[in-house]
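Source file: run.csv; contents: CSV, C-alpha atoms and all ligand atoms.
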chain,number,residue,atom,x,y,z
S,9,MET,CA,-25.6,89.9,-53.4
S,10,SER,CA,-23.9,93.3,-52.8
S,11,ARG,CA,-20.9,94.0,-50.6
S,12,ILE,CA,-21.8,95.0,-47.1
S,13,PRO,CA,-19.5,97.8,-46.0
S,14,VAL,CA,-18.2,98.1,-42.5
S,15,MET,CA,-19.5,101.7,-42.3
S,16,ILE,CA,-21.1,104.3,-44.5
S,17,PRO,CA,-22.2,107.8,-43.5
S,18,TRP,CA,-25.9,108.6,-43.4
S,19,LEU,CA,-26.3,111.6,-45.7
S,20,GLY,CA,-29.4,112.9,-47.4
S,21,GLU,CA,-30.8,115.6,-49.6
S,22,ALA,CA,-31.0,118.0,-46.7
S,23,GLU,CA,-27.2,117.9,-46.5
S,24,ALA,CA,-26.8,118.5,-50.2
S,25,GLU,CA,-29.2,121.4,-50.0
S,26,ALA,CA,-27.5,123.0,-47.0
S,27,VAL,CA,-24.1,122.9,-48.8
S,28,ALA,CA,-25.6,124.3,-52.0
S,29,GLU,CA,-27.2,127.1,-50.0
S,30,THR,CA,-23.9,127.9,-48.4
S,31,VAL,CA,-22.3,128.1,-51.9
S,32,ARG,CA,-25.1,130.4,-53.1
S,33,SER,CA,-24.6,132.6,-50.0
S,34,GLY,CA,-21.0,133.4,-51.2
S,35,TRP,CA,-19.5,132.7,-47.7
S,36,VAL,CA,-17.8,129.4,-47.8
S,37,ALA,CA,-14.8,129.8,-45.4
S,38,GLN,CA,-15.2,129.9,-41.6
S,39,GLY,CA,-18.1,132.2,-40.8
S,40,PRO,CA,-21.6,132.3,-39.5
S,41,ARG,CA,-22.4,128.6,-40.1
S,42,VAL,CA,-19.3,127.6,-38.1
S,43,ALA,CA,-20.4,129.7,-35.2
S,44,ALA,CA,-23.9,128.2,-35.4
S,45,PHE,CA,-22.5,124.7,-35.5
S,46,GLU,CA,-20.3,125.4,-32.5
S,47,ALA,CA,-23.3,126.6,-30.5
S,48,ALA,CA,-25.6,123.7,-31.5
S,49,PHE,CA,-22.9,121.1,-30.8
S,50,ALA,CA,-22.0,122.6,-27.4
S,51,ALA,CA,-25.7,122.6,-26.5
S,52,ARG,CA,-26.1,119.0,-27.6
S,53,VAL,CA,-23.2,117.8,-25.4
S,54,GLN,CA,-24.2,120.1,-22.5
S,55,ALA,CA,-20.9,121.9,-22.6
S,56,PRO,CA,-20.4,125.7,-22.2
S,57,ALA,CA,-18.3,126.1,-25.3
S,58,ALA,CA,-17.1,124.3,-28.5
S,59,VAL,CA,-14.4,125.3,-31.0
S,60,ALA,CA,-14.8,123.9,-34.5
S,61,VAL,CA,-11.6,122.9,-36.2
S,62,SER,CA,-10.4,121.0,-39.3
S,63,ASN,CA,-10.4,117.5,-37.8
S,64,CYS,CA,-10.1,115.7,-34.4
S,65,THR,CA,-6.3,115.4,-34.7
S,66,THR,CA,-6.0,119.2,-34.8
S,67,ALA,CA,-8.5,119.5,-31.9
S,68,LEU,CA,-6.3,117.2,-29.8
S,69,HIS,CA,-3.2,119.2,-30.8
S,70,LEU,CA,-4.8,122.5,-29.9
S,71,ALA,CA,-5.7,121.0,-26.5
S,72,LEU,CA,-2.1,120.0,-25.9
S,73,VAL,CA,-0.9,123.5,-26.9
S,74,MET,CA,-3.5,125.2,-24.6
S,75,ALA,CA,-2.5,122.9,-21.8
S,76,GLY,CA,1.1,124.0,-22.2
S,77,ILE,CA,2.5,120.6,-23.0
S,78,GLY,CA,5.9,120.9,-24.6
S,79,PRO,CA,9.3,119.3,-25.3
S,80,GLY,CA,10.2,116.5,-22.9
S,81,ASP,CA,6.8,116.4,-21.2
S,82,GLU,CA,5.4,112.9,-20.9
S,83,VAL,CA,1.8,112.3,-22.0
S,84,ILE,CA,0.2,109.0,-21.1
S,85,VAL,CA,-1.9,107.6,-24.0
S,86,PRO,CA,-3.3,104.2,-24.8
S,87,SER,CA,-1.4,102.4,-27.6
S,88,LEU,CA,-4.7,100.8,-28.4
S,89,SER,CA,-6.1,103.7,-30.4
S,90,PHE,CA,-6.1,105.3,-33.8
S,91,ILE,CA,-2.5,106.5,-34.2
S,92,ALA,CA,-3.4,110.2,-34.1
S,93,THR,CA,-3.8,110.0,-30.3
S,94,ALA,CA,-0.1,109.3,-30.0
S,95,ASN,CA,1.1,111.4,-32.9
S,96,VAL,CA,-0.3,114.7,-31.6
S,97,VAL,CA,2.0,114.3,-28.5
S,98,CYS,CA,5.0,114.0,-30.9
S,99,HIS,CA,3.8,117.1,-32.7
S,100,GLN,CA,4.5,119.0,-29.5
S,101,GLN,CA,8.0,117.4,-29.1
S,102,ALA,CA,6.5,115.7,-26.0
S,103,VAL,CA,6.8,112.0,-25.3
S,104,PRO,CA,3.9,109.6,-25.7
S,105,VAL,CA,4.0,107.0,-22.9
S,106,PHE,CA,1.9,104.0,-23.8
S,107,ALA,CA,-0.4,102.5,-21.1
S,108,ASP,CA,-2.4,99.3,-21.3
S,109,VAL,CA,-6.2,99.2,-21.2
S,110,ASP,CA,-9.1,97.5,-19.5
S,111,PRO,CA,-10.0,94.3,-21.3
S,112,VAL,CA,-13.7,94.9,-21.2
S,113,THR,CA,-14.1,98.5,-22.1
S,114,GLN,CA,-10.8,98.7,-24.0
S,115,ASN,CA,-10.2,102.0,-22.3
S,116,LEU,CA,-7.5,103.5,-19.9
S,117,THR,CA,-8.2,103.2,-16.2
S,118,PRO,CA,-6.4,104.8,-13.2
S,119,ALA,CA,-4.7,101.5,-12.6
S,120,THR,CA,-3.3,101.2,-16.1
S,121,ILE,CA,-2.2,104.9,-16.0
S,122,GLU,CA,-0.6,104.5,-12.6
S,123,ALA,CA,1.6,101.7,-13.9
S,124,VAL,CA,3.4,104.1,-16.3
S,125,LEU,CA,3.3,107.3,-14.2
S,126,SER,CA,6.6,109.1,-13.8
S,127,PRO,CA,7.8,112.5,-12.3
S,128,SER,CA,7.7,113.8,-15.9
S,129,THR,CA,4.1,112.9,-16.5
S,130,CYS,CA,2.1,116.1,-17.4
S,131,ALA,CA,-1.0,114.9,-19.1
S,132,VAL,CA,-3.2,112.0,-20.1
S,133,ILE,CA,-5.1,111.6,-23.3
S,134,ALA,CA,-7.8,109.1,-22.5
S,135,VAL,CA,-9.9,107.7,-25.4
S,136,HIS,CA,-13.6,106.8,-25.3
S,137,GLN,CA,-12.7,103.9,-27.6
S,138,GLY,CA,-15.2,103.0,-30.3
S,139,GLY,CA,-17.8,105.0,-28.5
S,140,THR,CA,-17.5,103.1,-25.2
S,141,PRO,CA,-17.4,105.8,-22.5
S,142,LEU,CA,-14.5,106.1,-20.1
S,143,ASP,CA,-15.3,105.8,-16.4
S,144,LEU,CA,-14.7,109.5,-15.9
S,145,ASP,CA,-15.2,110.2,-12.2
S,146,PRO,CA,-12.3,108.0,-11.0
S,147,LEU,CA,-10.2,109.2,-13.9
S,148,ARG,CA,-10.8,112.9,-13.2
S,149,ALA,CA,-10.1,112.4,-9.5
S,150,PHE,CA,-6.9,110.5,-10.3
S,151,CYS,CA,-5.6,113.3,-12.6
S,152,ALA,CA,-6.7,116.1,-10.3
S,153,GLU,CA,-4.9,114.6,-7.3
S,154,ARG,CA,-1.7,114.5,-9.3
S,155,ASP,CA,-2.1,117.8,-11.2
S,156,LEU,CA,-2.3,116.1,-14.5
S,157,VAL,CA,-4.1,117.6,-17.5
S,158,LEU,CA,-6.9,115.2,-18.7
S,159,ILE,CA,-7.7,115.4,-22.4
S,160,GLU,CA,-10.6,113.2,-23.6
S,161,ASP,CA,-10.2,111.8,-27.1
S,162,ALA,CA,-13.9,111.6,-27.9
S,163,ALA,CA,-13.3,111.2,-31.6
S,164,CYS,CA,-15.8,108.2,-31.7
S,165,ALA,CA,-18.0,109.1,-28.8
S,166,VAL,CA,-20.6,111.8,-29.9
S,167,GLY,CA,-23.8,110.9,-28.1
S,168,SER,CA,-22.4,108.3,-25.8
S,169,THR,CA,-23.2,109.0,-22.2
S,170,TYR,CA,-21.6,108.8,-18.7
S,171,ARG,CA,-23.9,108.6,-15.7
S,172,GLY,CA,-26.8,110.2,-17.7
S,173,ARG,CA,-24.7,113.1,-19.2
S,174,PRO,CA,-23.4,113.3,-22.8
S,175,ILE,CA,-19.6,112.8,-23.3
S,176,GLY,CA,-18.2,116.3,-23.6
S,177,ALA,CA,-20.2,117.6,-20.6
S,178,ASP,CA,-17.9,118.6,-17.7
S,179,ALA,CA,-14.7,118.1,-19.8
S,180,ARG,CA,-11.9,120.6,-19.6
S,181,TYR,CA,-10.9,119.3,-23.1
S,182,ALA,CA,-12.8,116.8,-25.2
S,183,ALA,CA,-12.0,116.3,-28.9
S,184,PHE,CA,-14.6,115.0,-31.4
S,185,SER,CA,-14.2,113.8,-35.0
S,186,PHE,CA,-16.5,114.3,-38.0
S,187,HIS,CA,-14.6,111.9,-40.3
S,188,PRO,CA,-17.1,109.7,-42.2
S,189,ARG,CA,-15.9,106.7,-40.2
S,190,LYS,CA,-17.6,108.3,-37.1
S,191,LEU,CA,-21.3,108.9,-36.5
S,192,LEU,CA,-21.6,112.6,-37.6
S,193,THR,CA,-19.6,113.7,-40.6
S,194,THR,CA,-18.6,116.9,-42.2
S,195,GLY,CA,-16.3,115.2,-44.7
S,196,GLU,CA,-13.4,116.2,-42.5
S,197,GLY,CA,-13.9,118.1,-39.3
S,198,GLY,CA,-13.4,118.2,-35.6
S,199,MET,CA,-14.7,120.0,-32.4
S,200,LEU,CA,-12.8,120.8,-29.2
S,201,VAL,CA,-15.3,121.1,-26.3
S,202,THR,CA,-14.4,122.8,-23.0
S,203,ASP,CA,-16.1,123.9,-19.8
S,204,ASP,CA,-14.0,127.1,-19.8
S,205,ARG,CA,-15.2,129.9,-22.1
S,206,ALA,CA,-11.9,131.9,-21.8
S,207,LEU,CA,-10.1,128.8,-22.9
S,208,ALA,CA,-12.5,128.4,-25.9
S,209,ASP,CA,-11.7,132.0,-26.9
S,210,ARG,CA,-8.0,131.2,-26.9
S,211,GLY,CA,-8.7,128.1,-28.9
S,212,ARG,CA,-10.6,130.2,-31.5
S,213,ARG,CA,-7.6,132.6,-31.8
S,214,LEU,CA,-5.1,129.7,-32.1
S,215,ARG,CA,-7.0,127.9,-34.8
S,216,GLU,CA,-6.9,131.1,-36.8
S,217,HIS,CA,-3.2,132.0,-36.8
S,218,GLY,CA,-3.4,133.6,-33.4
S,219,MET,CA,-5.6,136.4,-34.7
S,220,ASN,CA,-7.4,138.5,-32.0
S,221,LEU,CA,-10.3,139.2,-34.4
S,222,SER,CA,-12.1,136.7,-36.6
S,223,ALA,CA,-12.7,137.4,-40.3
S,224,ALA,CA,-16.4,137.3,-39.5
S,225,ALA,CA,-16.1,140.0,-36.8
S,226,ARG,CA,-14.1,142.2,-39.1
S,227,HIS,CA,-16.7,141.9,-41.9
S,228,GLY,CA,-19.5,142.6,-39.5
S,229,SER,CA,-17.9,145.8,-38.2
S,230,ASN,CA,-18.8,149.3,-39.4
S,231,THR,CA,-15.6,150.9,-38.3
S,232,VAL,CA,-12.1,150.0,-39.6
S,233,THR,CA,-10.7,147.4,-37.3
S,234,LEU,CA,-7.1,146.1,-37.6
S,235,GLU,CA,-6.4,142.6,-36.3
S,236,SER,CA,-3.3,141.7,-34.4
S,237,TYR,CA,-1.6,138.4,-33.8
S,238,THR,CA,-1.3,137.6,-30.1
S,239,GLU,CA,0.6,134.4,-30.3
S,240,VAL,CA,2.0,131.9,-32.8
S,241,GLY,CA,-1.1,130.0,-34.0
S,242,PHE,CA,-2.2,127.6,-36.7
S,243,ASN,CA,-4.6,127.3,-39.6
S,244,TYR,CA,-7.0,124.7,-38.1
S,245,ARG,CA,-10.2,126.3,-39.4
S,246,MET,CA,-13.4,124.5,-40.4
S,247,THR,CA,-15.2,125.9,-43.5
S,248,ASP,CA,-18.8,127.0,-43.5
S,249,LEU,CA,-19.4,124.3,-46.2
S,250,GLN,CA,-18.5,121.7,-43.6
S,251,ALA,CA,-20.5,123.4,-40.8
S,252,ALA,CA,-23.6,123.6,-42.9
S,253,LEU,CA,-23.3,119.8,-43.3
S,254,GLY,CA,-22.6,119.4,-39.6
S,255,LEU,CA,-25.7,121.3,-38.6
S,256,VAL,CA,-27.9,119.0,-40.6
S,257,GLN,CA,-26.1,115.9,-39.4
S,258,LEU,CA,-26.5,116.9,-35.8
S,259,GLY,CA,-30.3,116.8,-36.3
S,260,ARG,CA,-29.9,113.1,-37.2
S,261,LEU,CA,-27.9,112.1,-34.2
S,262,GLU,CA,-30.7,110.8,-32.0
S,263,ALA,CA,-32.0,108.6,-34.8
S,264,MET,CA,-28.5,107.4,-35.6
S,265,ILE,CA,-27.8,106.4,-32.0
S,266,ALA,CA,-31.1,104.7,-31.6
S,267,ARG,CA,-30.6,102.6,-34.8
S,268,ARG,CA,-27.0,101.7,-33.9
S,269,ARG,CA,-28.0,100.6,-30.4
S,270,GLU,CA,-30.8,98.5,-31.9
S,271,LEU,CA,-28.4,96.8,-34.3
S,272,ALA,CA,-25.8,96.4,-31.6
S,273,ALA,CA,-28.4,94.6,-29.3
S,274,ARG,CA,-29.2,92.3,-32.2
S,275,TYR,CA,-25.5,91.4,-32.6
S,276,GLN,CA,-25.1,90.9,-28.9
S,277,GLN,CA,-28.2,88.7,-28.7
S,278,ALA,CA,-27.2,86.5,-31.7
S,279,LEU,CA,-23.5,86.2,-30.8
S,280,SER,CA,-24.1,85.5,-27.2
S,281,GLU,CA,-24.6,81.9,-28.1
S,282,LEU,CA,-21.1,81.5,-29.6
S,283,PRO,CA,-18.9,80.0,-26.9
S,284,GLY,CA,-16.4,82.4,-25.4
S,285,LEU,CA,-16.9,85.2,-27.9
S,286,ILE,CA,-17.0,88.6,-26.3
S,287,THR,CA,-18.6,91.7,-27.8
S,288,ALA,CA,-18.7,95.4,-27.3
S,289,THR,CA,-21.2,96.3,-24.6
S,290,ASP,CA,-22.4,99.1,-22.4
S,291,PRO,CA,-20.5,99.6,-19.2
S,292,GLU,CA,-22.6,99.8,-16.0
S,293,TYR,CA,-22.0,103.5,-15.7
S,294,GLY,CA,-23.0,104.6,-19.2
S,295,THR,CA,-24.1,104.0,-22.8
S,296,SER,CA,-22.2,103.6,-26.0
S,297,ASN,CA,-23.1,105.0,-29.4
S,298,TYR,CA,-21.5,101.8,-30.8
S,299,GLN,CA,-19.4,103.8,-33.3
S,300,SER,CA,-17.4,100.5,-33.6
S,301,PHE,CA,-19.0,97.2,-32.8
S,302,TRP,CA,-16.0,94.9,-32.0
S,303,VAL,CA,-16.0,91.2,-31.2
S,304,LEU,CA,-13.1,89.4,-29.4
S,305,LEU,CA,-12.5,85.9,-30.5
S,306,PRO,CA,-11.8,83.3,-27.9
S,307,ASP,CA,-8.6,81.1,-28.1
S,308,SER,CA,-10.9,78.2,-29.0
S,309,PHE,CA,-12.3,79.9,-32.1
S,310,PRO,CA,-11.6,77.5,-35.0
S,311,ILE,CA,-9.9,80.0,-37.3
S,312,GLY,CA,-7.7,83.0,-36.7
S,313,ARG,CA,-8.9,86.6,-36.8
S,314,ASP,CA,-7.3,87.4,-40.2
S,315,ALA,CA,-8.7,84.2,-41.7
S,316,LEU,CA,-12.1,85.1,-40.4
S,317,LEU,CA,-11.8,88.6,-42.0
S,318,GLN,CA,-11.0,86.7,-45.3
S,319,VAL,CA,-14.0,84.4,-44.9
S,320,LEU,CA,-16.2,87.4,-44.3
S,321,LEU,CA,-14.8,89.1,-47.4
S,322,ASP,CA,-15.3,86.0,-49.4
S,323,ASN,CA,-19.0,86.3,-48.4
S,324,ASP,CA,-19.0,89.9,-49.6
S,325,ILE,CA,-18.8,91.4,-46.1
S,326,SER,CA,-16.3,94.1,-45.2
S,327,ALA,CA,-15.1,93.9,-41.6
S,328,ARG,CA,-12.0,95.4,-40.1
S,329,ARG,CA,-9.3,94.3,-37.7
S,330,GLY,CA,-10.0,95.6,-34.2
S,331,ILE,CA,-8.5,98.8,-32.8
S,332,MET,CA,-4.9,99.2,-33.9
S,333,ALA,CA,-2.0,99.4,-31.4
S,334,ALA,CA,0.4,102.3,-32.2
S,335,HIS,CA,3.4,100.6,-30.5
S,336,CYS,CA,3.2,97.8,-33.1
S,337,GLU,CA,3.5,100.2,-36.0
S,338,PRO,CA,6.8,101.1,-37.7
S,339,ALA,CA,6.2,104.7,-36.8
S,340,TYR,CA,6.8,103.8,-33.1
S,341,ALA,CA,9.5,101.1,-33.7
S,342,GLY,CA,12.2,101.6,-31.1
S,343,HIS,CA,9.9,103.7,-28.9
S,344,SER,CA,10.3,102.2,-25.4
S,345,HIS,CA,7.2,101.1,-23.6
S,346,THR,CA,6.1,98.8,-20.8
S,347,SER,CA,4.6,95.4,-21.6
S,348,LEU,CA,1.1,95.8,-23.0
S,349,PRO,CA,-0.5,92.3,-22.8
S,350,VAL,CA,-4.1,93.3,-22.9
S,351,THR,CA,-3.6,95.8,-25.8
S,352,GLU,CA,-1.7,93.1,-27.8
S,353,ARG,CA,-4.3,90.5,-27.2
S,354,LEU,CA,-7.2,92.9,-28.2
S,355,THR,CA,-5.5,94.2,-31.3
S,356,ALA,CA,-4.6,90.6,-32.5
S,357,ARG,CA,-7.8,88.8,-31.7
S,358,SER,CA,-10.6,91.3,-32.3
S,359,LEU,CA,-12.5,92.5,-35.3
S,360,ILE,CA,-15.0,95.2,-36.1
S,361,LEU,CA,-18.3,94.2,-37.7
S,362,PRO,CA,-20.4,96.2,-40.1
S,363,LEU,CA,-22.7,98.6,-38.3
S,364,TYR,CA,-24.3,101.7,-39.9
S,365,HIS,CA,-27.6,103.4,-39.9
S,366,GLN,CA,-28.9,101.9,-43.1
S,367,LEU,CA,-27.8,98.4,-42.4
S,368,SER,CA,-30.8,96.1,-42.9
S,369,THR,CA,-31.5,93.3,-40.5
S,370,ALA,CA,-31.3,90.9,-43.4
S,371,ASP,CA,-27.8,92.1,-44.2
S,372,GLN,CA,-26.9,92.0,-40.5
S,373,ASP,CA,-28.2,88.4,-40.5
S,374,ARG,CA,-25.7,87.6,-43.3
S,375,VAL,CA,-22.9,88.7,-41.0
S,376,ILE,CA,-24.2,86.7,-38.1
S,377,ASP,CA,-24.6,83.6,-40.2
S,378,VAL,CA,-21.0,83.6,-41.3
S,379,LEU,CA,-19.8,84.0,-37.7
S,380,ARG,CA,-22.1,81.2,-36.6
S,381,ARG,CA,-20.9,78.9,-39.3
S,382,GLU,CA,-17.2,79.6,-38.6
S,383,ALA,CA,-17.8,79.2,-34.8
S,384,ARG,CA,-19.4,75.8,-35.4
S,385,GLY,CA,-16.0,74.7,-36.6
S,386,VAL,CA,-15.3,74.4,-32.9
S,387,SER,CA,-17.9,71.7,-32.4
S,388,LEU,CA,-16.9,69.9,-35.7
S,389,SER,CA,-13.2,69.9,-35.0
S,390,GLY,CA,-13.8,69.1,-31.3
S,391,ALA,CA,-16.4,66.4,-31.9
S,392,GLY,CA,-16.1,63.5,-29.5
S,393,THR,CA,-13.2,65.2,-27.6
S,394,GLY,CA,-15.4,67.2,-25.3
S,395,SER,CA,-13.4,70.3,-26.2
S,396,MET,CA,-16.5,72.4,-26.7
S,397,THR,CA,-17.4,72.2,-23.0
S,398,GLY,CA,-13.8,73.2,-22.2
S,399,SER,CA,-13.8,76.2,-24.6
S,400,SER,CA,-12.4,79.1,-22.6
S,401,THR,CA,-13.8,82.5,-22.5
S,402,GLY,CA,-10.5,83.7,-23.7
S,403,SER,CA,-7.8,84.4,-21.1
S,404,MET,CA,-7.4,88.2,-21.4
S,405,THR,CA,-3.8,88.1,-20.3
S,406,ARG,CA,-2.5,85.5,-22.8
S,407,GLY,CA,-0.6,87.2,-25.5
S,501,LIG,C1,-10.7,109.0,-35.9
S,501,LIG,C2,-9.9,109.2,-34.7
S,501,LIG,C3,-9.0,110.2,-34.5
S,501,LIG,C4,-8.7,111.2,-35.6
S,501,LIG,O1,-9.8,111.9,-36.1
S,501,LIG,P1,-9.6,112.8,-37.4
S,501,LIG,O2,-10.9,113.6,-37.4
S,501,LIG,O3,-9.5,111.9,-38.6
S,501,LIG,O4,-8.4,113.6,-37.2
S,501,LIG,C5,-8.4,110.4,-33.3
S,501,LIG,N1,-8.6,109.5,-32.3
S,501,LIG,C6,-9.4,108.5,-32.4
S,501,LIG,C7,-9.6,107.6,-31.2
S,501,LIG,C8,-10.1,108.2,-33.6
S,501,LIG,O5,-10.9,107.2,-33.7

The structure in this file should be written as structure tokens.
Amino acid sequence: MSRIPVMIPWLGEAEAEAVAETVRSGWVAQGPRVAAFEAAFAARVQAPAAVAVSNCTTALHLALVMAGIGPGDEVIVPSLSFIATANVVCHQQAVPVFADVDPVTQNLTPATIEAVLSPSTCAVIAVHQGGTPLDLDPLRAFCAERDLVLIEDAACAVGSTYRGRPIGADARYAAFSFHPRKLLTTGEGGMLVTDDRALADRGRRLREHGMNLSAAARHGSNTVTLESYTEVGFNYRMTDLQAALGLVQLGRLEAMIARRRELAARYQQALSELPGLITATDPEYGTSNYQSFWVLLPDSFPIGRDALLQVLLDNDISARRGIMAAHCEPAYAGHSHTSLPVTERLTARSLILPLYHQLSTADQDRVIDVLRREARGVSLSGAGTGSMTGSSTGSMTRG
């Protein structure tokens, strides 16, 4: 039996060939392939413009810079996210303010944001966590009414939909990741999508040291053109090697999502018989790409989350703890925050199961069998006491 990983990218010969061809072309840094990848990505998510950058963290940072967020400004973020969501706020000397999340979607809502709103609040970074779409209409209305900048952390959400439209469509700022842990990969890479072309132009300058003229534009010109540096920028460029990879990967997206949704449905079906266990699911207003398939253990589950991870590993299955909570990490020790009961429960009691394009149903059944076996411990330990029928669905508010 071989180890089942939690995630592996889906890469083929076409990607290898595209990268080799880029090497042969002699143009490996940001150039024509980056421009083509931006156009193809923007078209796929139905957005007017996309700016390719070095990763999603730099895309989020660029969004904060472009939105004018600076020292002392408060930016509301979920603690329940990969730590980069909070870190980028610190990079602007602004203050991340942790908000709790909805127990079902694991996402921010107007209610959880309102609970931590202050006169210093300037922006919200809302995460489409694990690919589960945010409920965008109420969120956008809430932020517009209060003049708050809304930045969507769509690191995990390429191809997820909201009311029939792809995530990224209609966003002022939406940041995507191409880390191999996400659906599409370019090794490292990110994309900042916006509905404002002028903003995208500024983003392209800022990612390239604030230069008014890209290297590609200068090379393409027949007259001597001297660049100037319009503001203090960054080096957040993507390479053409990465973009070549991204263009091929983008062509696989539909198949990837279809397969992931099929596997997610199999998990949901099989695990629905385990008392009290809750799984990732589509919200009524949209569809998930199931970048992360999480399950939340009920209080009645016979063994703890970490013990279950160990049992899975003993059975040659790599799973992961659920989404991390930034406020529980040493990096944010001493950072004041409101009580975050849902976040703390989700991060302590959930785990992420293997889900990737190449996962066979036989291997998926191995994962399901381990969960079934461990869940049966409930009936064994509870035999004759009637505790099975009393098994709770897991009070979401209990820490
Ligand atoms: C992965 C991830 C990031 C960071 O993406 P990188 O491309 O690695 O910088 C940010 N936010 C969330 C929610 C993520 O899952």

Exercise answer, 7 Å around ligand LIG 501 (chain S) with all atoms listed in the file, as an MDAnalysis selection string: chainID S and resid 63:66 89:90 92:93 135 137:138 161:164 185:187 196:198

Gap from CA of His136 (chain S) to CA of Leu116 (chain S) - Å, one decimal: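 Separation between CA of His136 (chain S) and CA of Leu116 (chain S): 8.8 Å.
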
Considering all atoms listed in the file, return as an mmCIF file with C-alpha atoms, in the frame of the given file whatever protein or nucleic-acid residues lie within 6 Å of region 166-176 of chain S, sequence-local ones (same chain, fewer than 6 positions apart) excluded.
data_model
loop_
_atom_site.group_PDB
_atom_site.id
_atom_site.type_symbol
_atom_site.label_atom_id
_atom_site.label_comp_id
_atom_site.auth_asym_id
_atom_site.auth_seq_id
_atom_site.Cartn_x
_atom_site.Cartn_y
_atom_site.Cartn_z
ATOM 1 C CA VAL S 53 -23.200 117.800 -25.400
ATOM 2 C CA ALA S 182 -12.800 116.800 -25.200
ATOM 3 C CA TYR S 293 -22.000 103.500 -15.700
ATOM 4 C CA GLY S 294 -23.000 104.600 -19.200
ATOM 5 C CA THR S 295 -24.100 104.000 -22.800
ATOM 6 C CA SER S 296 -22.200 103.600 -26.000
ATOM 7 C CA ASN S 297 -23.100 105.000 -29.400
#

Of the listed residues S:Ser222, S:Val112, S:Gln38, S:Leu249, that which approaches Glu25 (chain S) most closely, counting only C-alpha atoms: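 Closest candidate: S:Leu249.
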
Which polymer residues, whether protein, DNA or RNA, lie within 9 Å of the coordinate (-13.4, 108.6, -17.2) when you count only C-alpha atoms? List them as JSON, numbers by chain, using the chain letters and numbers from the file. {"S": [115, 116, 117, 118, 134, 135, 136, 141, 142, 143, 144, 145, 146, 147, 148, 160, 170]}

So, counting all atoms listed in the file, which residue among S:Met74, S:Leu88, S:Val319, S:Ala327 is closest to Thr355 (chain S)?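 Comparing S:Met74, S:Leu88, S:Val319, S:Ala327 against Thr355 (chain S), the winner is S:Leu88.
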
Give me, as number ranges by chain, all polymer residues having an atom no more than 7 Å from Val83 (chain S), counting all atoms listed in the file and skipping those fewer than 5 positions away in the same chain. S: 97, 103-105, 129-132

Between CA of Ile84 (chain S) and CA of Phe106 (chain S), distance in Å (one decimal): 5.9 Å

For region 256-265 of chain S, write N, CA, C and O atoms out as an mmCIF file, in the first residue's frame.
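The new file selection_29.cif reads:
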data_model
loop_
_atom_site.group_PDB
_atom_site.id
_atom_site.type_symbol
_atom_site.label_atom_id
_atom_site.label_comp_id
_atom_site.auth_asym_id
_atom_site.auth_seq_id
_atom_site.Cartn_x
_atom_site.Cartn_y
_atom_site.Cartn_z
ATOM 1 N N VAL S 256 -1.213 26.293 -19.583
ATOM 2 C CA VAL S 256 -1.603 24.890 -19.781
ATOM 3 C C VAL S 256 -2.526 24.437 -18.649
ATOM 4 O O VAL S 256 -3.555 23.793 -18.878
ATOM 5 N N GLN S 257 -2.169 24.822 -17.412
ATOM 6 C CA GLN S 257 -2.986 24.435 -16.258
ATOM 7 C C GLN S 257 -4.422 24.956 -16.375
ATOM 8 O O GLN S 257 -5.378 24.252 -16.039
ATOM 9 N N LEU S 258 -4.542 26.180 -16.859
ATOM 10 C CA LEU S 258 -5.871 26.787 -16.987
ATOM 11 C C LEU S 258 -6.777 25.929 -17.877
ATOM 12 O O LEU S 258 -7.971 25.809 -17.630
ATOM 13 N N GLY S 259 -6.173 25.292 -18.886
ATOM 14 C CA GLY S 259 -6.933 24.415 -19.768
ATOM 15 C C GLY S 259 -7.435 23.155 -19.081
ATOM 16 O O GLY S 259 -8.313 22.465 -19.597
ATOM 17 N N ARG S 260 -6.873 22.851 -17.917
ATOM 18 C CA ARG S 260 -7.293 21.657 -17.174
ATOM 19 C C ARG S 260 -8.352 21.963 -16.115
ATOM 20 O O ARG S 260 -8.852 21.056 -15.442
ATOM 21 N N LEU S 261 -8.648 23.264 -15.942
ATOM 22 C CA LEU S 261 -9.456 23.649 -14.781
ATOM 23 C C LEU S 261 -10.833 22.984 -14.739
ATOM 24 O O LEU S 261 -11.254 22.488 -13.691
ATOM 25 N N GLU S 262 -11.530 22.965 -15.882
ATOM 26 C CA GLU S 262 -12.889 22.387 -15.865
ATOM 27 C C GLU S 262 -12.859 20.936 -15.425
ATOM 28 O O GLU S 262 -13.657 20.502 -14.591
ATOM 29 N N ALA S 263 -11.907 20.175 -15.979
ATOM 30 C CA ALA S 263 -11.799 18.754 -15.634
ATOM 31 C C ALA S 263 -11.441 18.588 -14.153
ATOM 32 O O ALA S 263 -11.967 17.712 -13.467
ATOM 33 N N MET S 264 -10.550 19.446 -13.675
ATOM 34 C CA MET S 264 -10.149 19.384 -12.257
ATOM 35 C C MET S 264 -11.339 19.600 -11.339
ATOM 36 O O MET S 264 -11.542 18.860 -10.380
ATOM 37 N N ILE S 265 -12.116 20.634 -11.646
ATOM 38 C CA ILE S 265 -13.254 20.953 -10.777
ATOM 39 C C ILE S 265 -14.281 19.827 -10.830
ATOM 40 O O ILE S 265 -14.804 19.395 -9.795
#
